[in-house]
Structures are given as C-alpha cells and as structure tokens.
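Here is the file input_18.txt (compact mmCIF, C-alpha atoms).
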```txt
# COMPACT_ATOMS: atom_id res chain seq x y z
CA MET A 1 84.16 112.07 87.08
CA GLU A 2 84.76 110.38 90.46
CA ARG A 3 81.06 109.56 90.78
CA HIS A 4 81.07 107.94 87.33
CA PHE A 5 84.25 105.98 88.14
CA SER A 6 82.76 104.80 91.41
CA THR A 7 79.60 103.64 89.63
CA VAL A 8 81.64 101.66 87.12
CA LEU A 9 83.65 99.99 89.90
CA TYR A 10 80.53 99.11 91.83
CA GLY A 11 79.02 97.67 88.64
CA LEU A 12 82.15 95.58 88.15
CA ALA A 13 81.97 94.38 91.74
CA ILE A 14 78.33 93.32 91.34
CA LEU A 15 79.10 91.38 88.15
CA VAL A 16 82.07 89.61 89.73
CA LEU A 17 80.20 88.67 92.87
CA SER A 18 77.15 87.56 90.93
CA ALA A 19 79.29 85.26 88.80
CA ALA A 20 81.05 83.99 91.89
CA ALA A 21 77.73 83.25 93.52
CA LEU A 22 76.86 80.89 90.70
CA LEU A 23 80.25 79.30 90.20
CA LEU A 24 82.21 79.32 93.46
CA HIS A 25 80.72 80.23 96.81
CA PRO A 26 77.05 81.20 96.49
CA SER A 27 76.39 81.78 100.20
CA SER A 28 79.51 83.93 100.78
CA ALA A 29 78.79 86.02 97.70
CA ARG A 30 75.23 86.68 98.79
CA GLU A 31 76.48 87.85 102.22
CA ALA A 32 78.93 90.26 100.56
CA LEU A 33 76.27 91.62 98.19
CA ALA A 34 73.99 92.30 101.12
CA MET A 35 76.44 95.01 102.29
CA ILE A 36 76.60 96.88 98.97
CA THR A 37 74.47 99.76 100.23
CA ASP A 38 77.19 100.74 102.74
CA PRO A 39 80.08 102.39 100.77
CA LEU A 40 82.50 102.12 103.69
CA VAL A 41 81.83 98.55 104.74
CA PHE A 42 81.24 97.00 101.32
CA PRO A 43 84.84 97.35 100.00
CA THR A 44 86.20 95.61 103.12
CA VAL A 45 83.66 92.78 102.84
CA MET A 46 84.39 92.49 99.15
CA GLU A 47 88.15 92.29 99.75
CA ASP A 48 87.67 89.59 102.37
CA PHE A 49 85.55 87.62 99.94
CA TYR A 50 88.20 87.91 97.23
CA GLN A 51 90.94 86.84 99.60
CA HIS A 52 89.20 83.72 100.81
CA GLY A 53 86.93 82.80 97.96
CA LEU A 54 88.46 83.66 94.59
CA PRO A 55 91.60 82.35 92.86
CA PHE A 56 92.35 85.78 91.30
CA ALA A 57 92.26 87.69 94.59
CA ASP A 58 95.50 89.65 94.09
CA THR A 59 94.32 91.11 90.78
CA LEU A 60 91.16 92.51 92.35
CA ARG A 61 92.75 93.97 95.49
CA ASP A 62 93.41 97.24 93.71
CA VAL A 63 89.70 97.53 92.92
CA CYS A 64 88.95 97.13 96.62
CA LEU A 65 91.33 99.96 97.49
CA GLN A 66 89.73 102.28 94.96
CA LEU A 67 86.29 101.48 96.33
CA ARG A 68 87.47 102.10 99.89
CA MET A 69 88.98 105.49 99.01
CA LEU A 70 85.99 106.59 96.91
CA GLY A 71 83.72 105.53 99.75
CA GLY A 72 85.40 108.02 102.07
CA ALA A 73 88.27 106.07 103.67
CA GLU A 74 91.57 107.98 103.62
CA GLU A 75 94.03 105.38 104.88
CA PHE A 76 94.68 101.67 104.92
CA ASP A 77 96.53 99.89 107.71
CA GLY A 78 97.75 103.25 109.02
CA ILE A 79 99.23 104.19 105.62
CA VAL A 80 98.03 107.14 103.55
CA LEU A 81 98.46 107.57 99.80
CA ALA A 82 99.42 111.21 99.17
CA ASN A 83 101.02 112.79 96.09
CA ASP A 84 101.82 109.41 94.53
CA GLY A 85 103.63 108.32 97.70
CA LEU A 86 102.91 106.54 100.96
CA ILE A 87 103.09 108.12 104.41
CA GLU A 88 102.68 105.99 107.52
CA ASN A 89 100.99 107.42 110.58
CA PHE A 90 103.43 106.84 113.43
CA ILE A 91 101.90 105.33 116.57
CA PRO A 92 104.14 105.09 119.66
CA SER A 93 104.21 102.00 121.83
CA GLU A 94 101.92 102.04 124.85
CA ASP A 95 104.87 100.70 126.83
CA THR A 96 106.28 104.05 127.97
CA ALA A 97 108.99 102.22 129.91
CA LEU A 98 110.87 101.70 126.64
CA ARG A 99 111.52 105.40 126.04
CA LYS A 100 112.41 105.97 129.70
CA LYS A 101 114.94 103.12 129.61
CA ASN A 102 116.50 104.44 126.40
CA THR A 103 116.89 107.96 127.79
CA ALA A 104 118.28 106.73 131.10
CA ALA A 105 120.76 104.47 129.30
CA VAL A 106 122.07 107.28 127.10
CA ARG A 107 122.51 109.50 130.17
CA GLN A 108 124.30 106.77 132.12
CA PHE A 109 126.58 105.94 129.22
CA ALA A 110 127.64 109.58 128.86
CA GLU A 111 128.37 109.83 132.58
CA GLU A 112 130.32 106.59 132.90
CA SER A 113 132.22 106.45 129.61
CA GLY A 114 133.73 109.91 129.66
CA ILE A 115 133.48 109.96 125.86
CA PRO A 116 131.78 112.94 124.15
CA THR A 117 128.27 111.60 123.54
CA TYR A 118 125.66 112.82 121.04
CA LEU A 119 122.00 111.99 120.51
CA MET A 120 120.01 112.46 117.31
CA ILE A 121 116.36 111.38 117.00
CA VAL A 122 115.06 111.60 113.44
CA PRO A 123 111.32 112.30 113.02
CA THR A 124 109.26 110.04 110.77
CA ALA A 125 107.78 111.22 107.47
CA CYS A 126 104.31 111.90 108.88
CA ALA A 127 105.70 114.67 111.10
CA ILE A 128 107.52 116.41 108.25
CA TYR A 129 104.83 115.86 105.60
CA GLN A 130 101.90 116.45 107.96
CA GLU A 131 100.26 118.97 105.58
CA GLN A 132 99.73 116.13 103.09
CA LEU A 133 97.76 114.02 105.57
CA PRO A 134 93.99 114.12 106.22
CA ALA A 135 93.02 116.95 108.57
CA ASN A 136 91.19 114.57 110.88
CA MET A 137 94.15 112.20 111.33
CA ASN A 138 95.37 111.99 114.91
CA LEU A 139 99.13 112.61 114.81
CA TYR A 140 101.61 112.05 117.61
CA ASN A 141 103.47 115.25 118.55
CA GLN A 142 106.97 114.13 117.55
CA LYS A 143 108.51 117.58 117.76
CA ARG A 144 107.47 118.02 121.38
CA PHE A 145 108.76 114.60 122.46
CA ILE A 146 112.11 115.10 120.76
CA GLU A 147 112.59 118.54 122.32
CA GLU A 148 111.61 117.29 125.79
CA THR A 149 114.03 114.38 125.52
CA TYR A 150 116.87 116.68 124.53
CA ARG A 151 116.10 119.01 127.44
CA SER A 152 116.17 116.12 129.90
CA LEU A 153 119.71 115.27 128.77
CA SER A 154 120.99 118.85 128.66
CA GLY A 155 124.46 119.25 130.07
CA GLN A 156 125.26 115.55 129.74
CA VAL A 157 124.62 114.72 126.10
CA THR A 158 124.95 116.94 123.03
CA ALA A 159 121.59 117.05 121.24
CA ILE A 160 121.43 117.15 117.45
CA ASP A 161 117.99 118.45 116.52
CA VAL A 162 117.31 117.83 112.82
CA TYR A 163 113.55 118.33 113.05
CA PRO A 164 113.73 122.04 112.05
CA THR A 165 116.16 121.24 109.23
CA LEU A 166 113.91 118.57 107.73
CA TYR A 167 110.72 120.55 108.20
CA THR A 168 112.19 123.60 106.48
CA ALA A 169 113.12 121.39 103.50
CA ARG A 170 109.78 119.51 103.49
CA GLU A 171 109.11 120.34 99.83
CA ASP A 172 112.17 118.25 98.90
CA TYR A 173 112.40 114.51 98.25
CA LEU A 174 113.46 113.71 101.82
CA TYR A 175 111.67 110.40 102.44
CA TYR A 176 111.07 107.58 100.01
CA ARG A 177 107.57 107.37 98.57
CA SER A 178 107.41 103.62 99.14
CA ASP A 179 109.68 103.16 102.16
CA SER A 180 109.80 104.53 105.71
CA ARG A 181 113.42 105.69 105.49
CA LEU A 182 115.13 108.90 104.43
CA THR A 183 116.29 109.15 100.83
CA SER A 184 119.90 110.01 100.05
CA LEU A 185 118.82 113.65 99.80
CA GLY A 186 117.19 113.31 103.20
CA GLY A 187 120.43 111.81 104.52
CA TYR A 188 122.41 114.68 103.03
CA THR A 189 120.04 117.20 104.62
CA VAL A 190 120.47 115.57 108.03
CA TYR A 191 124.24 115.39 107.53
CA GLN A 192 124.53 119.16 107.12
CA THR A 193 123.30 119.68 110.71
CA LEU A 194 124.82 116.49 112.11
CA ALA A 195 128.35 117.27 110.92
CA ARG A 196 128.38 120.74 112.44
CA ARG A 197 127.16 119.47 115.81
CA LEU A 198 129.95 116.85 115.73
CA GLY A 199 132.46 119.64 115.22
CA LEU A 200 133.02 118.88 111.53
CA THR A 201 132.84 121.00 108.40
CA PRO A 202 130.25 119.36 106.13
CA SER A 203 131.32 118.67 102.56
CA GLN A 204 129.37 120.51 99.86
CA GLU A 205 130.70 119.12 96.58
CA PHE A 206 129.16 115.84 95.44
CA SER A 207 128.44 114.18 92.14
CA LEU A 208 125.12 112.35 91.94
CA ASP A 209 124.63 108.92 90.43
CA ARG A 210 121.02 107.73 90.03
CA VAL A 211 121.37 103.95 89.99
CA SER A 212 117.69 102.97 90.17
CA HIS A 213 114.40 104.53 89.11
CA ASP A 214 112.09 101.66 90.09
CA PHE A 215 112.73 101.00 93.79
CA TYR A 216 109.83 99.90 96.00
CA GLY A 217 110.36 99.59 99.75
CA ASP A 218 108.76 98.27 102.92
CA LEU A 219 105.67 100.50 102.93
CA TYR A 220 104.75 99.40 99.43
CA ASP A 221 105.06 95.75 100.49
CA ARG A 222 102.47 96.42 103.18
CA TRP A 223 100.29 98.59 100.96
CA GLY A 224 100.10 95.99 98.21
CA TYR A 225 98.19 98.15 95.73
CA GLY A 226 98.85 100.60 92.92
CA GLY A 227 98.96 104.37 92.82
CA VAL A 228 102.52 104.68 94.15
CA LYS A 229 105.26 106.23 92.06
CA PRO A 230 108.51 104.20 92.22
CA ASP A 231 111.46 105.63 94.12
CA ILE A 232 114.87 106.71 92.89
CA ILE A 233 118.06 105.54 94.59
CA THR A 234 120.76 108.18 94.29
CA LEU A 235 124.39 107.85 95.32
CA TYR A 236 126.39 110.87 96.50
CA HIS A 237 130.10 110.76 95.63
CA ASN A 238 132.19 113.21 97.64
CA LEU A 239 134.33 115.35 95.31
CA SER A 240 135.97 117.50 97.96
CA ALA A 241 137.35 114.61 100.04
CA GLN A 242 138.05 111.64 97.81
CA ARG A 243 139.16 108.60 99.76
CA SER A 244 139.55 104.84 99.52
CA TYR A 245 137.06 102.96 101.68
CA ARG A 246 136.76 99.55 103.20
CA VAL A 247 133.35 98.49 104.56
CA TYR A 248 133.33 95.41 106.77
CA HIS A 249 130.06 93.67 107.66
CA TRP A 250 129.62 91.26 110.52
CA ASP A 251 126.53 89.11 110.80
CA ARG A 252 126.01 86.13 113.02
CA TYR A 253 126.67 83.61 110.27
CA GLU A 254 128.75 85.53 107.75
CA GLU A 255 131.29 88.28 107.29
CA ARG A 256 131.57 90.45 104.16
CA THR A 257 134.02 93.11 103.04
CA TYR A 258 133.48 95.69 100.32
CA TYR A 259 135.93 98.21 98.93
CA GLY A 260 133.83 101.30 98.41
CA LEU A 261 130.81 103.00 99.94
CA TYR A 262 128.50 101.86 97.14
CA PRO A 263 129.38 98.27 96.15
CA SER A 264 127.25 97.33 93.15
CA GLU A 265 127.80 93.63 93.82
CA ALA A 266 125.83 93.90 97.06
CA ALA A 267 122.63 94.60 95.09
CA VAL A 268 122.92 91.47 92.95
CA SER A 269 120.54 89.67 95.32
CA GLY A 270 117.73 91.94 94.14
CA LYS A 271 117.71 94.36 97.08
CA GLN A 272 118.48 97.57 95.25
CA GLU A 273 118.97 99.55 98.45
CA ASP A 274 121.89 97.29 99.46
CA ILE A 275 124.13 99.21 97.08
CA ILE A 276 124.42 101.78 99.87
CA LEU A 277 127.27 100.57 102.13
CA GLY A 278 126.52 96.97 101.12
CA GLY A 279 123.24 96.84 103.05
CA HIS A 280 122.35 96.71 106.71
CA SER A 281 124.10 94.45 109.23
CA PRO A 282 124.19 94.23 113.04
CA ARG A 283 127.79 95.43 113.01
CA MET A 284 129.72 97.37 110.39
CA GLU A 285 133.09 99.08 110.30
CA ILE A 286 133.98 101.74 107.73
CA THR A 287 137.67 102.54 107.26
CA ALA A 288 138.71 105.57 105.19
CA LEU A 289 142.30 105.88 104.02
CA GLY A 290 143.53 109.46 104.18
CA ALA A 291 140.84 110.60 106.62
CA PRO A 292 141.65 112.45 109.86
CA ASP A 293 142.90 110.15 112.59
CA GLN A 294 139.74 110.03 114.68
CA SER A 295 137.10 107.37 115.33
CA LEU A 296 133.34 107.39 115.79
CA LEU A 297 131.04 104.79 117.32
CA VAL A 298 127.48 104.97 115.97
CA LEU A 299 124.61 103.18 117.70
CA GLY A 300 121.68 103.27 115.30
CA ASP A 301 119.07 101.55 113.18
CA ARG A 302 118.35 100.83 109.52
CA GLY A 303 117.62 104.50 108.81
CA THR A 304 121.14 105.48 109.90
CA LEU A 305 122.51 104.19 106.60
CA SER A 306 121.04 107.20 104.79
CA TYR A 307 123.55 109.63 106.34
CA LEU A 308 126.41 107.32 107.38
CA PRO A 309 128.14 107.52 103.94
CA PHE A 310 128.40 111.31 104.30
CA LEU A 311 130.22 110.97 107.64
CA ALA A 312 132.67 108.40 106.26
CA SER A 313 135.15 110.92 104.84
CA HIS A 314 135.60 112.64 108.23
CA TYR A 315 136.83 109.64 110.27
CA ARG A 316 139.59 107.08 109.94
CA THR A 317 137.21 104.56 111.48
CA ILE A 318 133.44 104.47 111.98
CA THR A 319 131.95 101.50 113.80
CA TYR A 320 128.20 101.02 113.48
CA LEU A 321 126.12 98.81 115.79
CA ASP A 322 122.41 97.98 115.69
CA LEU A 323 121.91 96.73 119.24
CA THR A 324 118.45 95.32 118.47
CA LEU A 325 120.09 92.74 116.17
CA LEU A 326 122.73 91.63 118.67
CA THR A 327 122.33 89.20 121.55
CA GLN A 328 123.26 90.31 125.05
CA TRP A 329 126.33 88.08 124.93
CA GLU A 330 127.45 89.62 121.63
CA ILE A 331 127.02 93.13 123.04
CA GLU A 332 129.03 92.28 126.14
CA ASP A 333 131.90 91.09 123.94
CA LEU A 334 132.25 94.60 122.45
CA SER A 335 133.96 97.68 123.86
CA ALA A 336 132.91 101.32 123.65
CA GLN A 337 136.32 102.62 124.65
CA GLY A 338 138.93 103.75 122.16
CA TYR A 339 136.57 106.09 120.29
CA ASP A 340 136.78 109.86 120.09
CA GLN A 341 133.00 110.32 119.88
CA VAL A 342 129.85 108.23 120.35
CA LEU A 343 126.69 109.00 118.40
CA PHE A 344 123.27 107.60 119.31
CA ALA A 345 121.19 108.10 116.14
CA CYS A 346 117.86 106.52 115.23
CA ASP A 347 114.36 107.13 113.94
CA LEU A 348 111.76 108.13 116.51
CA SER A 349 109.99 104.81 115.95
CA THR A 350 113.09 102.95 117.14
CA TYR A 351 113.47 105.21 120.18
CA LEU A 352 109.86 104.86 121.34
CA ASN A 353 109.06 101.31 120.27
CA THR A 354 112.23 99.33 121.08
CA ASP A 355 114.78 99.08 123.88
CA SER A 356 117.68 99.54 121.46
CA PHE A 357 119.63 102.20 123.37
CA ALA A 358 118.83 100.65 126.75
CA ARG A 359 120.98 97.69 125.71
CA VAL A 360 124.08 99.89 125.53
CA SER A 361 124.67 99.13 129.21
CA GLY A 362 126.04 95.77 128.07
CA LEU A 363 128.96 97.37 126.20
CA SER A 364 132.28 97.10 127.96
CA LEU A 365 133.89 100.37 129.01
CA ALA A 366 137.30 98.76 129.39
CA ALA A 367 139.92 99.77 126.85
CA PRO A 368 140.09 97.33 123.89
CA ALA A 369 143.23 95.81 122.53
CA GLU A 370 145.48 98.26 120.69
CA GLY A 371 144.50 98.73 117.05
CA ASP A 372 141.12 97.08 117.60
CA PRO A 373 138.48 99.67 118.59
CA VAL A 374 135.78 96.99 118.74
CA LYS A 375 136.80 93.50 119.76
```
Taking this structure as input, can you express it in the form of structure tokens?
Amino acid sequence: MERHFSTVLYGLAILVLSAAALLLHPSSAREALAMITDPLVFPTVMEDFYQHGLPFADTLRDVCLQLRMLGGAEEFDGIVLANDGLIENFIPSEDTALRKKNTAAVRQFAEESGIPTYLMIVPTACAIYQEQLPANMNLYNQKRFIEETYRSLSGQVTAIDVYPTLYTAREDYLYYRSDSRLTSLGGYTVYQTLARRLGLTPSQEFSLDRVSHDFYGDLYDRWGYGGVKPDIITLYHNLSAQRSYRVYHWDRYEERTYYGLYPSEAAVSGKQEDIILGGHSPRMEITALGAPDQSLLVLGDRGTLSYLPFLASHYRTITYLDLTLLTQWEIEDLSAQGYDQVLFACDLSTYLNTDSFARVSGLSLAAPAEGDPVK
C-alpha cells in the first residue's frame, strides 16, 4: 500500500515538474528532476523548487512532506508526527551559563528574601511521550537535569518534581497535539502534585466545558502540513470552591481586566487559547473573593497558564510575572515582599534556553505599600 502510494506521488511530482519545465522555469525543473533517484534528497529539492518557482507552492507542500516521510525521514525541523499529533525534540542551548545563572538566582532569592520559595521545572512533551518517537532520535535527558537541579538547591528551595506524575499519566491527553504546552488536563495533573507541595489540599470536583474542538497551536504553525488532529480546549470549573474572580492584565501599552477565569470575550480576536485567564501577559494579578487570606507570587512562562487557574481558588491574590517580557527597569519597579510564598515555575525549555529566572535579582525586596503587593 505504502509502496503504491509512494509511486503515485512520485508520478505526480514528475508530471508537475515536467509541466513546470515547459511553462515556468525549465532549468530549475531539470535540476530538481536530476535528483529523483535519491528518495531522501528529492523531496527537499522538490519543496525548494515549489517554494521559489511555482505560484501554488503552499498546496504542494503536503506532497513534499509525504514524499519525505515515505523516503525514510522521520522528522521535519525537529518536529515528529506521531499518533496524529506533533512532538518537538527539545534541544538545550549550548550556552550553559544560562542554566547556571537561573539556578544561582533562585538560590540567592531564597536566601535573601526570607520568603518560602519553590521551584517547579516542567518537562517538555518529548520526555513524557518518548516511546512515540523514533528509536534513533537523540533525546536530551530531561529527567536527570531536573533531578540534579533540585538536588543542588536542597535545603534552600522546595522542589516540586512533576516529572514522575506526568510520566505515569503519559497515556492521557497531557500535551496539545499541535502546541508545545500542557493541555488543561496536563495542567490539572501538575496541579495535583503542585498543590500538595505548596501545603494545599487540591480540589477534586470540577465540571468540564469543552469550548473548542479545532484549536491549532504554535507547533502546527511551524509544521505547516496536514496529518495533525486538531486540539480540544477544555475549561475546568471548580465545584468545591466556587469564587468570584478578577483577572488584571498589565502590558506595556495596555491594561485589561476580566471578571472570571475564562473570559470568552478575550478569544474574540481569534486566539482561542486566550479564553484561559484572558491570555498571556507580562504581568497578571488574580484576585479571588472568599479565598483564604494568603498571597502567591509566581514567576513563570506561557506554559504556567495551564495550571494557574487551578491554584486561583486557594489564594486571595496571585501575582504572575514573566520576567522575559519585562525590561530591567520594569522589574526593578516591582517588589517581591508582601507575599506568603514565591513559586518559580516554567518549562524546561525556558529554564535552559533563557535567563528568565536570573532576572529576578532586579526585584525589590523592600516591603511594598500597604494593600499593594506589587507596585
């Protein structure tokens, strides 16, 4: 069956290139046809020809992918198609100073602030779904790095290791098929461990609301081909701790306020994922009426939004900061004091490939004005 399909595709490719040779770019088409005997090289040459020489390039890109996969290639641009979903092979930055700076900054913050400090590094999908990847793919040992980092901070920072939790539940829909982030179920799975380590009792009763069945995320944008099943966006409504919420967003040129954890108006722009907390901003503050009188400062990244809604019912105030999106001056204008707990939480890619946590040294440790946890 595959051999027959491959033959048909190759026949189609020959017809297209032959026609192109006569009508559009004869010399380029002849060069591409000369590589047809090499099943691994020919699809790449063919795609390049389509991209630069034909007006209907986008329509034929999917044919190129099929040829590449049938020719023996198992990934494209570091992304693998497996079980109707995409899994990106995580590659850490060669700049090892980034991870050292992040670890040192978390340690220093815990020592100087005097605030109970927690660290959670979330593995990427390729570590949890590694059985679905080609056997010959070279994978970074995420589990070992995470464990070694936690050990280096032992006694100073409380580690929250969610690797075992996610790996045990690896048959579940933990990561989006078309996006690099955790799904809501993945966020809920992380929350079960996260809440206990923060000294909380995780809620168990939720009603589920599936608001979208056709979401495509960042991996699909890079993939650009077919074969990927669309994702489902599911909202978890806490039944055991019903509260009224206010979600404030600060961005450099605008401020927004929503009254609820899942504001439907935030997704009007076309970004379906923005229905969760109103989207991602450099600085957010979640206020929950009726929640225990305690506050949490979360330093995180885009992936943090998958489990932040589950924490909302446990705190009167949660302040979220993405330090990579703030200037040094903006960071220095904020204070870390006045919080009961501080949580550093990010994907491993953020920890190894950015200096996000290293920038925490710019936060003021002086007490903020009364009633204003973050200035």
>> At a cut-off of 8 Å, using all atoms listed in the file, what residues contact region 141-158 of chain A? Leave out same-chain residues fewer than 6 positions from it and give the result as a PyMOL selection string.
In response: chain A and resi 103+106-107+110-111+116-119+121+123+127+197+348
Find the residues near Phe90 (chain A): any atom within 9 Å, counting only C-alpha atoms, skip ones fewer than 5 places away on the same chain, and give them as a CSV table (one decimal) with C-alpha atoms, in the coordinates of the input.
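Heads up, here's the output in around04.csv:
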```
chain,number,residue,atom,x,y,z
A,78,GLY,CA,97.8,103.2,109.0
A,124,THR,CA,109.3,110.0,110.8
A,125,ALA,CA,107.8,111.2,107.5
A,126,CYS,CA,104.3,111.9,108.9
A,127,ALA,CA,105.7,114.7,111.1
A,139,LEU,CA,99.1,112.6,114.8
A,140,TYR,CA,101.6,112.0,117.6
A,348,LEU,CA,111.8,108.1,116.5
A,349,SER,CA,110.0,104.8,116.0
```
> What is the CA of Ser269 (chain A) to CA of Tyr245 (chain A) distance in Å?
Replying inline: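 Taking CA of Ser269 (chain A) as the start and CA of Tyr245 (chain A) as the end point, the length is 22.1 Å.
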>> I'd like to know which of A:Met284, A:Ile232, A:Val342, A:Leu219 is closest to Ile79 (chain A), using all atoms listed in the file.
In response: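 Of the candidates, the smallest distance to Ile79 (chain A) is held by A:Leu219.
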> Can you tell me how far CA of Thr287 (chain A) sits from CA of Tyr248 (chain A), in Å to one decimal?
Replying inline: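 Computing the Euclidean distance for CA of Thr287 (chain A) and CA of Tyr248 (chain A) yields 8.4 Å.
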> Pick from A:Ile115, A:Leu261, A:Val80, A:Leu185: nearest to Gly338 (chain A), with all atoms listed in the file counted?
Replying inline: A:Ile115
> Hey, which of A:Leu323, A:Leu133, A:Ile233, A:Leu299 ends up closest to Ser184 (chain A)? Count only C-alpha atoms.
Replying inline: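 Using only C-alpha atoms, Ser184 (chain A) sits closest to A:Ile233.
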> CA of Ile331 (chain A) and CA of Ser361 (chain A) are how many Å apart?
Replying inline: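 CA of Ile331 (chain A) sits 8.9 Å away from CA of Ser361 (chain A).
Ranking A:His249, A:Arg359, A:His314, A:His280 by their shortest atom-to-atom distance to Pro202 (chain A), with all atoms listed in the file included, puts A:His314 first.
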>> So that I can see what lies close to His213 (chain A), please list as a list of chain:residue names the residues with an atom at most 10 Å from it, counting all atoms listed in the file and leaving out residues fewer than 3 positions away in the same chain.
In response: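 Near His213 (chain A), the qualifying residues are A:Arg210, A:Tyr216, A:Lys229, A:Pro230, A:Asp231, A:Ile232, A:Ile233, A:Thr234.
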Give me, as a PDB file with C-alpha atoms, keeping the file's coordinate frame, all polymer residues having an atom no more than 12 Å from Thr319 (chain A), counting all atoms listed in the file and skipping those fewer than 3 positions away in the same chain.
```
ATOM      1  CA  ARG A 246     136.760  99.550 103.200  1.00  0.00           C
ATOM      2  CA  VAL A 247     133.350  98.490 104.560  1.00  0.00           C
ATOM      3  CA  TYR A 248     133.330  95.410 106.770  1.00  0.00           C
ATOM      4  CA  HIS A 249     130.060  93.670 107.660  1.00  0.00           C
ATOM      5  CA  TRP A 250     129.620  91.260 110.520  1.00  0.00           C
ATOM      6  CA  SER A 281     124.100  94.450 109.230  1.00  0.00           C
ATOM      7  CA  PRO A 282     124.190  94.230 113.040  1.00  0.00           C
ATOM      8  CA  ARG A 283     127.790  95.430 113.010  1.00  0.00           C
ATOM      9  CA  MET A 284     129.720  97.370 110.390  1.00  0.00           C
ATOM     10  CA  GLU A 285     133.090  99.080 110.300  1.00  0.00           C
ATOM     11  CA  ILE A 286     133.980 101.740 107.730  1.00  0.00           C
ATOM     12  CA  THR A 287     137.670 102.540 107.260  1.00  0.00           C
ATOM     13  CA  ALA A 288     138.710 105.570 105.190  1.00  0.00           C
ATOM     14  CA  GLN A 294     139.740 110.030 114.680  1.00  0.00           C
ATOM     15  CA  SER A 295     137.100 107.370 115.330  1.00  0.00           C
ATOM     16  CA  LEU A 296     133.340 107.390 115.790  1.00  0.00           C
ATOM     17  CA  LEU A 297     131.040 104.790 117.320  1.00  0.00           C
ATOM     18  CA  VAL A 298     127.480 104.970 115.970  1.00  0.00           C
ATOM     19  CA  LEU A 299     124.610 103.180 117.700  1.00  0.00           C
ATOM     20  CA  GLY A 300     121.680 103.270 115.300  1.00  0.00           C
ATOM     21  CA  LEU A 308     126.410 107.320 107.380  1.00  0.00           C
ATOM     22  CA  LEU A 311     130.220 110.970 107.640  1.00  0.00           C
ATOM     23  CA  ALA A 312     132.670 108.400 106.260  1.00  0.00           C
ATOM     24  CA  TYR A 315     136.830 109.640 110.270  1.00  0.00           C
ATOM     25  CA  ARG A 316     139.590 107.080 109.940  1.00  0.00           C
ATOM     26  CA  ASP A 322     122.410  97.980 115.690  1.00  0.00           C
ATOM     27  CA  LEU A 334     132.250  94.600 122.450  1.00  0.00           C
ATOM     28  CA  SER A 335     133.960  97.680 123.860  1.00  0.00           C
ATOM     29  CA  ALA A 336     132.910 101.320 123.650  1.00  0.00           C
ATOM     30  CA  GLN A 337     136.320 102.620 124.650  1.00  0.00           C
ATOM     31  CA  GLY A 338     138.930 103.750 122.160  1.00  0.00           C
ATOM     32  CA  TYR A 339     136.570 106.090 120.290  1.00  0.00           C
ATOM     33  CA  ASP A 340     136.780 109.860 120.090  1.00  0.00           C
ATOM     34  CA  GLN A 341     133.000 110.320 119.880  1.00  0.00           C
ATOM     35  CA  VAL A 342     129.850 108.230 120.350  1.00  0.00           C
ATOM     36  CA  LEU A 343     126.690 109.000 118.400  1.00  0.00           C
ATOM     37  CA  PHE A 344     123.270 107.600 119.310  1.00  0.00           C
ATOM     38  CA  ASP A 372     141.120  97.080 117.600  1.00  0.00           C
ATOM     39  CA  PRO A 373     138.480  99.670 118.590  1.00  0.00           C
ATOM     40  CA  VAL A 374     135.780  96.990 118.740  1.00  0.00           C
ATOM     41  CA  LYS A 375     136.800  93.500 119.760  1.00  0.00           C
TER      42      LYS A 375
END
```
> Taking (136.0, 113.5, 96.6) in the file's coordinates as the center, which residues reach within 10 Å of it, counting all atoms listed in the file, put as a ChimeraX atom specification?
Replying inline: /A:203,205-207,236-244,313
> Restricting the calculation to only C-alpha atoms, which member of A:Asp347, A:Asp161, A:Asp333, A:Glu273 is positioned closest to Thr304 (chain A)?
Replying inline: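 Looking at the shortest contact to Thr304 (chain A), the residue is A:Asp347.
Using all atoms listed in the file, the protein and nucleic acid residues lying at most 10 Å from the point (124.3, 117.3, 110.0) are Met120, Ile160, Asp161, Val162, Thr165, Gly187, Tyr188, Thr189, Val190, Tyr191, Gln192, Thr193, Leu194, Ala195, Arg196, Arg197, Leu198, Gly199, Leu200, Thr201, Pro202, Tyr307, Phe310 and Leu311 of chain A.
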Keeping only C-alpha atoms, write the selected residues to a file as an mmCIF file, in the coordinates of the input.
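Okay, again-v3.cif is ready:
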```cif
data_model
loop_
_atom_site.group_PDB
_atom_site.id
_atom_site.type_symbol
_atom_site.label_atom_id
_atom_site.label_comp_id
_atom_site.auth_asym_id
_atom_site.auth_seq_id
_atom_site.Cartn_x
_atom_site.Cartn_y
_atom_site.Cartn_z
ATOM 1 C CA MET A 120 120.010 112.460 117.310
ATOM 2 C CA ILE A 160 121.430 117.150 117.450
ATOM 3 C CA ASP A 161 117.990 118.450 116.520
ATOM 4 C CA VAL A 162 117.310 117.830 112.820
ATOM 5 C CA THR A 165 116.160 121.240 109.230
ATOM 6 C CA GLY A 187 120.430 111.810 104.520
ATOM 7 C CA TYR A 188 122.410 114.680 103.030
ATOM 8 C CA THR A 189 120.040 117.200 104.620
ATOM 9 C CA VAL A 190 120.470 115.570 108.030
ATOM 10 C CA TYR A 191 124.240 115.390 107.530
ATOM 11 C CA GLN A 192 124.530 119.160 107.120
ATOM 12 C CA THR A 193 123.300 119.680 110.710
ATOM 13 C CA LEU A 194 124.820 116.490 112.110
ATOM 14 C CA ALA A 195 128.350 117.270 110.920
ATOM 15 C CA ARG A 196 128.380 120.740 112.440
ATOM 16 C CA ARG A 197 127.160 119.470 115.810
ATOM 17 C CA LEU A 198 129.950 116.850 115.730
ATOM 18 C CA GLY A 199 132.460 119.640 115.220
ATOM 19 C CA LEU A 200 133.020 118.880 111.530
ATOM 20 C CA THR A 201 132.840 121.000 108.400
ATOM 21 C CA PRO A 202 130.250 119.360 106.130
ATOM 22 C CA TYR A 307 123.550 109.630 106.340
ATOM 23 C CA PHE A 310 128.400 111.310 104.300
ATOM 24 C CA LEU A 311 130.220 110.970 107.640
#
```
> Using only C-alpha atoms, which residues sit within 6 Å of region 169-178 of chain A once same-chain residues fewer than 2 positions away are excluded, as a PyMOL selection string?
Replying inline: chain A and resi 85-86+166-167+181-183+185-186+216-217+219-220
Limited to C-alpha atoms, could you put the picked residues into a file as a PDB file, in the frame of the given file?
```
ATOM      1  CA  GLY A  85     103.630 108.320  97.700  1.00  0.00           C
ATOM      2  CA  LEU A  86     102.910 106.540 100.960  1.00  0.00           C
ATOM      3  CA  LEU A 166     113.910 118.570 107.730  1.00  0.00           C
ATOM      4  CA  TYR A 167     110.720 120.550 108.200  1.00  0.00           C
ATOM      5  CA  ARG A 181     113.420 105.690 105.490  1.00  0.00           C
ATOM      6  CA  LEU A 182     115.130 108.900 104.430  1.00  0.00           C
ATOM      7  CA  THR A 183     116.290 109.150 100.830  1.00  0.00           C
ATOM      8  CA  LEU A 185     118.820 113.650  99.800  1.00  0.00           C
ATOM      9  CA  GLY A 186     117.190 113.310 103.200  1.00  0.00           C
ATOM     10  CA  TYR A 216     109.830  99.900  96.000  1.00  0.00           C
ATOM     11  CA  GLY A 217     110.360  99.590  99.750  1.00  0.00           C
ATOM     12  CA  LEU A 219     105.670 100.500 102.930  1.00  0.00           C
ATOM     13  CA  TYR A 220     104.750  99.400  99.430  1.00  0.00           C
TER      14      TYR A 220
END
```
